[in-house]
Amino acid sequence: MESVAMFKQLAAGFACLLGFLANGQAAQVVTYAGGNENKAFVTACQLSDGSILLGGWAESLTWIPADVPRTPLSAEGIKGSPENGRIGFILQVSGDGQKLLRLIHLPPGAVDTIRHIRVSSLPGASTGEVFFSATLKDDPKGSGGYLLTKLDGNFIKAPPQKLLWVRNVFAAGDTREIQPWDVGGDGKVVYASGQSYSREWMAVYRLKSDGMDDTVEDWRCHWGVDAKGKETEAQFTPLSSRPDFKATRSGLAMKLWGRGCLRSWTQEDYDAWLPDGNGRLKKGRWPDDYYFKGPFDPAKPTNDGPGYTGYSINSPCPRVGAILVDRRNNDFYVGYSVQTRLPDGNPDFEPALVAMTRTGKLKWWSRLYHEFLSKQKDGTYQAGDARNSTPDQYVDHLAMDVAGNNVVVGARCHGNNVVNLWAGNEVAARPGARGFQDHFSGKNGNIHISWLGKLSVDDGHLFAATYVAEYVDGMDGAGAPSREPLLEGWPSYNAGWPNVNTTRLHDLQVDDNGRVYIIATGRRVVTTANAYMKMPKKGEGVSQWCNFVRVYTPDMNTLVYSSILSGKWDPTTGAEGGKVELRSVVPVPNGALVVGANALDEKPKQPTGTPLLTTKVPTWGTEKPIGITGIFSRLEW
């Protein structure tokens, strides 16, 4: 009996090792960047000629071959990060990853890293102007934050030679890390500045295409010179209603105390009942009405709470998790979360997504869950219908689904008590619809899991939803194996009541067909038959925490592709394995381009565990990392 058990264990281990092997498609590329210096890829962007821009940091640039054209950029106007001496760079790579085409870089110590690269054009259109942001030194009391800038060339019509303008943005905490901003088709940049969950400041502003402050007609906060010539802040709307006020810039002041940019200004608006976007009603024309007893009066600002369901403000400055601009019409979307207190005094975090026109007029807003549990009776609700959503919930990512005319929201929740983010099988606009993972299941409450939702850009109505929560190692409570060949026997999340584990998104993108691409971290990650590297199922070996790339169908009912990226580990003991930190995904034809870096053990200063399974390594790459090393992967199916 012992020999039979041992044979089964060895067979499972062998099957697991086979599962680790790379999917052998010739076009795929998985490589580390060559050279001995520490370096990381943090962001990526595809241009209309098919080439890729990689942004990140390096301790030196000797790993770039000498024959690659390079342009040093001036750091003039940048409040730098001299403490680490890193070099922020953008590297242009051929679409197949085999050739380095061009390098531009800042001087050592100018920035910590290039964080985001974005273009003003729509996907599939000829590349417009190129913008990027970069992380500056961490100095919450001074000039710390991030940099916004625009290049004078877009790599296709002309190579960049300089920064056209520089804006140093005050940002502390995770605002500095997230850097919420986006650019419209008009070249205007909408961005967030401040410190999340603080008593200091949080606001959204807009820059003109030349980098100067912009005024926004229908926003409610404006800074400028009043009729007496005094520089001041004033709250009114629209901007044209005060010809005596010479505004120099406008802002969406997110700070809730003393400002009412996202509150109703009349009793009628405060008392309004409106569709909540998923078959029921919500109260208040503006999302922050939720936390106050009545409307906001700009002449006599008050902060009286709690709101109509018992919520009170715990911190006046919310966390802006994401900003998105629709390049078709320059309307924009802001996803944020407010730190609150429940009626019993316990802390909580409540989300909202706000949609505005390019002039700053409110289009719609969504709570992403039902504020009231029962359905309406004659257009109203009974007093006991209001509920508090005790799980913490946050908006982390936004992307535009042009094909479906939807905003795609990447949200996150902590816990699953009473009212949570909308379920994939409770979409009022599509009766009978299902998500790949309809709901939060299992017994584990003290975890952070993710959620994806598609909302119409026109009215905020929900089109589709799915949770993103990978199994615990033991897959407790999982149902029967799926019949979909692509899922290779992985159990459906919607069968049984499986325990799931913390799963957090790192990036979210959408392709021309409306398919949703994510980068995330999970434990027992569901992988597909076409994966580059597969996770062993229960019975095939132990799992490890891994980064993974996944692609959902447009209705998010099932998967197109799902693959982990990691070093191999022992399937019986879990020993070894290499920690990979993926940070950016780009949709490419029949595949996904993924970039990041490996992790480093601090004491030995060596890469953790075993290296990735590399394939079709270019001349500028290497099979094994030395120190912190950038990872470039083009995965196809």
# chains A, B, ... in the order shown; residues from 1 in each chain; ligands from 1

$ residues_around --residues "range 409-412 of chain A" --least-positions-apart "6" --cutoff "7 Å" --atoms "only C-alpha atoms" --output "list in words"
Gln393, Tyr394, Val395, Asp396, His397, Leu398, Ala399, His448, Ile449, Ser450, Trp451, Leu452, Gly453 and Lys454 of chain A

$ select_by_dssp --residues "range 135-263 of chain A" --states "strand (DSSP E)" --output "ChimeraX atom specification"
/A:135,145-151,163-172,181-183,189-195,202-207,221-225,231-235,246-253

$ write_last_selection --atoms "C-alpha atoms" --output "PDB file, in the first residue's frame"
ATOM      1  CA  THR A 135       7.935  58.797  -9.241  1.00  0.00           C
ATOM      2  CA  GLY A 145       5.072  63.095  -5.372  1.00  0.00           C
ATOM      3  CA  TYR A 146       5.210  62.427  -9.069  1.00  0.00           C
ATOM      4  CA  LEU A 147       6.107  64.063 -12.342  1.00  0.00           C
ATOM      5  CA  LEU A 148       3.833  64.600 -15.353  1.00  0.00           C
ATOM      6  CA  THR A 149       5.334  65.461 -18.724  1.00  0.00           C
ATOM      7  CA  LYS A 150       4.935  65.271 -22.509  1.00  0.00           C
ATOM      8  CA  LEU A 151       7.589  64.286 -25.069  1.00  0.00           C
ATOM      9  CA  LEU A 163      10.382  67.200 -22.476  1.00  0.00           C
ATOM     10  CA  LEU A 164       7.964  69.860 -23.701  1.00  0.00           C
ATOM     11  CA  TRP A 165       6.814  70.722 -20.186  1.00  0.00           C
ATOM     12  CA  VAL A 166       7.165  69.449 -16.621  1.00  0.00           C
ATOM     13  CA  ARG A 167       4.619  69.412 -13.817  1.00  0.00           C
ATOM     14  CA  ASN A 168       5.728  68.315 -10.340  1.00  0.00           C
ATOM     15  CA  VAL A 169       2.609  66.983  -8.587  1.00  0.00           C
ATOM     16  CA  PHE A 170       2.297  66.915  -4.820  1.00  0.00           C
ATOM     17  CA  ALA A 171       1.300  63.374  -3.838  1.00  0.00           C
ATOM     18  CA  ALA A 172       1.976  61.348  -0.710  1.00  0.00           C
ATOM     19  CA  TRP A 181      -3.989  60.333 -14.257  1.00  0.00           C
ATOM     20  CA  ASP A 182      -4.965  59.965 -17.889  1.00  0.00           C
ATOM     21  CA  VAL A 183      -4.820  61.962 -21.100  1.00  0.00           C
ATOM     22  CA  VAL A 189      -4.287  65.610 -18.697  1.00  0.00           C
ATOM     23  CA  VAL A 190      -6.669  64.904 -15.798  1.00  0.00           C
ATOM     24  CA  TYR A 191      -4.755  64.025 -12.626  1.00  0.00           C
ATOM     25  CA  ALA A 192      -5.048  63.617  -8.845  1.00  0.00           C
ATOM     26  CA  SER A 193      -2.954  65.396  -6.232  1.00  0.00           C
ATOM     27  CA  GLY A 194      -2.878  64.992  -2.455  1.00  0.00           C
ATOM     28  CA  GLN A 195      -2.687  62.424   0.299  1.00  0.00           C
ATOM     29  CA  MET A 202      -7.030  65.603  -2.223  1.00  0.00           C
ATOM     30  CA  ALA A 203      -8.221  67.021  -5.534  1.00  0.00           C
ATOM     31  CA  VAL A 204      -8.455  66.315  -9.243  1.00  0.00           C
ATOM     32  CA  TYR A 205      -7.173  68.925 -11.684  1.00  0.00           C
ATOM     33  CA  ARG A 206      -6.725  69.241 -15.441  1.00  0.00           C
ATOM     34  CA  LEU A 207      -3.788  70.510 -17.486  1.00  0.00           C
ATOM     35  CA  CYS A 221     -14.044  74.869  -7.144  1.00  0.00           C
ATOM     36  CA  HIS A 222     -12.026  77.580  -8.840  1.00  0.00           C
ATOM     37  CA  TRP A 223      -8.876  79.471  -7.918  1.00  0.00           C
ATOM     38  CA  GLY A 224      -8.092  82.923  -9.207  1.00  0.00           C
ATOM     39  CA  VAL A 225      -8.621  86.637  -8.565  1.00  0.00           C
ATOM     40  CA  GLU A 231      -6.236  85.726  -4.944  1.00  0.00           C
ATOM     41  CA  THR A 232      -8.739  83.265  -3.526  1.00  0.00           C
ATOM     42  CA  GLU A 233     -10.648  80.013  -3.840  1.00  0.00           C
ATOM     43  CA  ALA A 234     -14.354  80.188  -4.644  1.00  0.00           C
ATOM     44  CA  GLN A 235     -17.074  77.561  -4.876  1.00  0.00           C
ATOM     45  CA  LYS A 246     -10.772  85.656 -13.096  1.00  0.00           C
ATOM     46  CA  ALA A 247     -10.051  81.953 -12.683  1.00  0.00           C
ATOM     47  CA  THR A 248      -6.568  80.589 -13.241  1.00  0.00           C
ATOM     48  CA  ARG A 249      -7.491  76.953 -12.601  1.00  0.00           C
ATOM     49  CA  SER A 250     -10.392  74.753 -11.552  1.00  0.00           C
ATOM     50  CA  GLY A 251     -10.492  71.641  -9.417  1.00  0.00           C
ATOM     51  CA  LEU A 252     -12.650  68.768  -8.327  1.00  0.00           C
ATOM     52  CA  ALA A 253     -11.917  69.171  -4.613  1.00  0.00           C
TER      53      ALA A 253
END

$ closest_residue --among "A:Arg70, A:His370, A:Lys283, A:Arg118" --to "Leu106 in chain A" --atoms "only C-alpha atoms"
A:Arg70

$ residues_around --residues "Gly260 in chain A" --least-positions-apart "3" --cutoff "12 Å" --atoms "only C-alpha atoms" --output "PDB file with C-alpha atoms, in the first residue's frame"
ATOM      1  CA  ALA A 203      -8.221  67.021  -5.534  1.00  0.00           C
ATOM      2  CA  TRP A 219     -16.533  72.095 -11.836  1.00  0.00           C
ATOM      3  CA  ARG A 220     -17.409  73.712  -8.525  1.00  0.00           C
ATOM      4  CA  CYS A 221     -14.044  74.869  -7.144  1.00  0.00           C
ATOM      5  CA  ALA A 234     -14.354  80.188  -4.644  1.00  0.00           C
ATOM      6  CA  GLN A 235     -17.074  77.561  -4.876  1.00  0.00           C
ATOM      7  CA  PHE A 236     -19.650  78.160  -7.580  1.00  0.00           C
ATOM      8  CA  THR A 237     -20.797  76.718 -10.902  1.00  0.00           C
ATOM      9  CA  GLY A 251     -10.492  71.641  -9.417  1.00  0.00           C
ATOM     10  CA  LEU A 252     -12.650  68.768  -8.327  1.00  0.00           C
ATOM     11  CA  ALA A 253     -11.917  69.171  -4.613  1.00  0.00           C
ATOM     12  CA  MET A 254     -12.275  65.683  -3.167  1.00  0.00           C
ATOM     13  CA  LYS A 255     -11.784  66.824   0.431  1.00  0.00           C
ATOM     14  CA  LEU A 256     -15.207  66.452   2.025  1.00  0.00           C
ATOM     15  CA  TRP A 257     -14.914  68.938   4.893  1.00  0.00           C
ATOM     16  CA  ARG A 263     -22.487  66.785  -2.852  1.00  0.00           C
ATOM     17  CA  SER A 264     -25.969  68.040  -3.748  1.00  0.00           C
ATOM     18  CA  TRP A 265     -26.386  71.810  -3.381  1.00  0.00           C
ATOM     19  CA  THR A 266     -30.201  71.759  -3.139  1.00  0.00           C
ATOM     20  CA  TRP A 286     -24.319  63.157  -5.966  1.00  0.00           C
ATOM     21  CA  PRO A 287     -22.300  60.322  -4.379  1.00  0.00           C
ATOM     22  CA  ASP A 288     -21.093  62.124  -1.245  1.00  0.00           C
ATOM     23  CA  ASP A 289     -24.663  62.825  -0.100  1.00  0.00           C
ATOM     24  CA  TYR A 291     -22.350  60.774   4.430  1.00  0.00           C
ATOM     25  CA  PHE A 292     -24.311  63.943   5.338  1.00  0.00           C
ATOM     26  CA  GLY A 294     -28.572  67.333   4.066  1.00  0.00           C
ATOM     27  CA  PRO A 295     -27.356  69.330   1.059  1.00  0.00           C
ATOM     28  CA  PHE A 296     -24.228  71.476   0.929  1.00  0.00           C
ATOM     29  CA  ASP A 297     -24.473  75.267   1.052  1.00  0.00           C
ATOM     30  CA  PRO A 298     -21.350  76.876  -0.472  1.00  0.00           C
ATOM     31  CA  ALA A 299     -22.169  80.125   1.356  1.00  0.00           C
ATOM     32  CA  LYS A 300     -22.284  78.385   4.760  1.00  0.00           C
ATOM     33  CA  PRO A 301     -20.374  75.113   4.476  1.00  0.00           C
ATOM     34  CA  THR A 302     -21.344  72.465   7.033  1.00  0.00           C
ATOM     35  CA  ASN A 303     -20.191  68.915   7.611  1.00  0.00           C
ATOM     36  CA  PRO A 316     -12.048  64.012   4.874  1.00  0.00           C
TER      37      PRO A 316
END

$ select_by_dssp --residues "range 128-303 of chain A" --states "alpha helix (DSSP H)" --output "list in words"
Asp174, Thr175, Arg176, Glu177, Ile178, Gln267, Glu268, Asp269 and Tyr270 of chain A

$ atom_distance --atom1 "CA of Met400 in chain A" --atom2 "CA of Arg327 in chain A"
9.2 Å

$ atom_distance --atom1 "CA of Glu488 in chain A" --atom2 "CA of Ala575 in chain A"
25.3 Å

$ atom_distance --atom1 "CA of Leu487 in chain A" --atom2 "CA of Val551 in chain A"
12.9 Å

$ residues_around --residues "range 82-94 of chain A" --least-positions-apart "4" --cutoff "8 Å" --atoms "only C-alpha atoms" --output "PyMOL selection string"
chain A and resi 50-60+98-114+134+137

$ residues_around --residues "Pro343 in chain A" --least-positions-apart "6" --cutoff "12 Å" --atoms "only C-alpha atoms" --output "ChimeraX atom specification"
/A:291,305-314,387-390

$ residues_around --residues "Thr610 in chain A" --least-positions-apart "3" --cutoff "7 Å" --atoms "only C-alpha atoms" --output "list in words"
Gly567, Lys568, Glu576, Gly577 and Gly578 of chain A

$ write_last_selection --atoms "C-alpha atoms" --output "mmCIF file, in the first residue's frame"
data_model
loop_
_atom_site.group_PDB
_atom_site.id
_atom_site.type_symbol
_atom_site.label_atom_id
_atom_site.label_comp_id
_atom_site.auth_asym_id
_atom_site.auth_seq_id
_atom_site.Cartn_x
_atom_site.Cartn_y
_atom_site.Cartn_z
ATOM 1 C CA GLY A 567 10.159 29.895 -11.275
ATOM 2 C CA LYS A 568 9.438 26.183 -10.892
ATOM 3 C CA GLU A 576 12.182 26.956 -4.445
ATOM 4 C CA GLY A 577 10.061 28.825 -6.926
ATOM 5 C CA GLY A 578 10.904 32.338 -8.085
#

$ closest_residue --among "A:Leu593, A:Val119, A:Ala352, A:Val29" --to "Tyr290 in chain A" --atoms "only C-alpha atoms"
A:Ala352

$ closest_residue --among "A:Gly360, A:Pro618, A:Gly128, A:Gly345" --to "Cys261 in chain A" --atoms "only C-alpha atoms"
A:Gly360

$ closest_residue --among "A:Gln161, A:Gln437, A:Ser121, A:Thr629" --to "Cys45 in chain A" --atoms "only C-alpha atoms"
A:Ser121
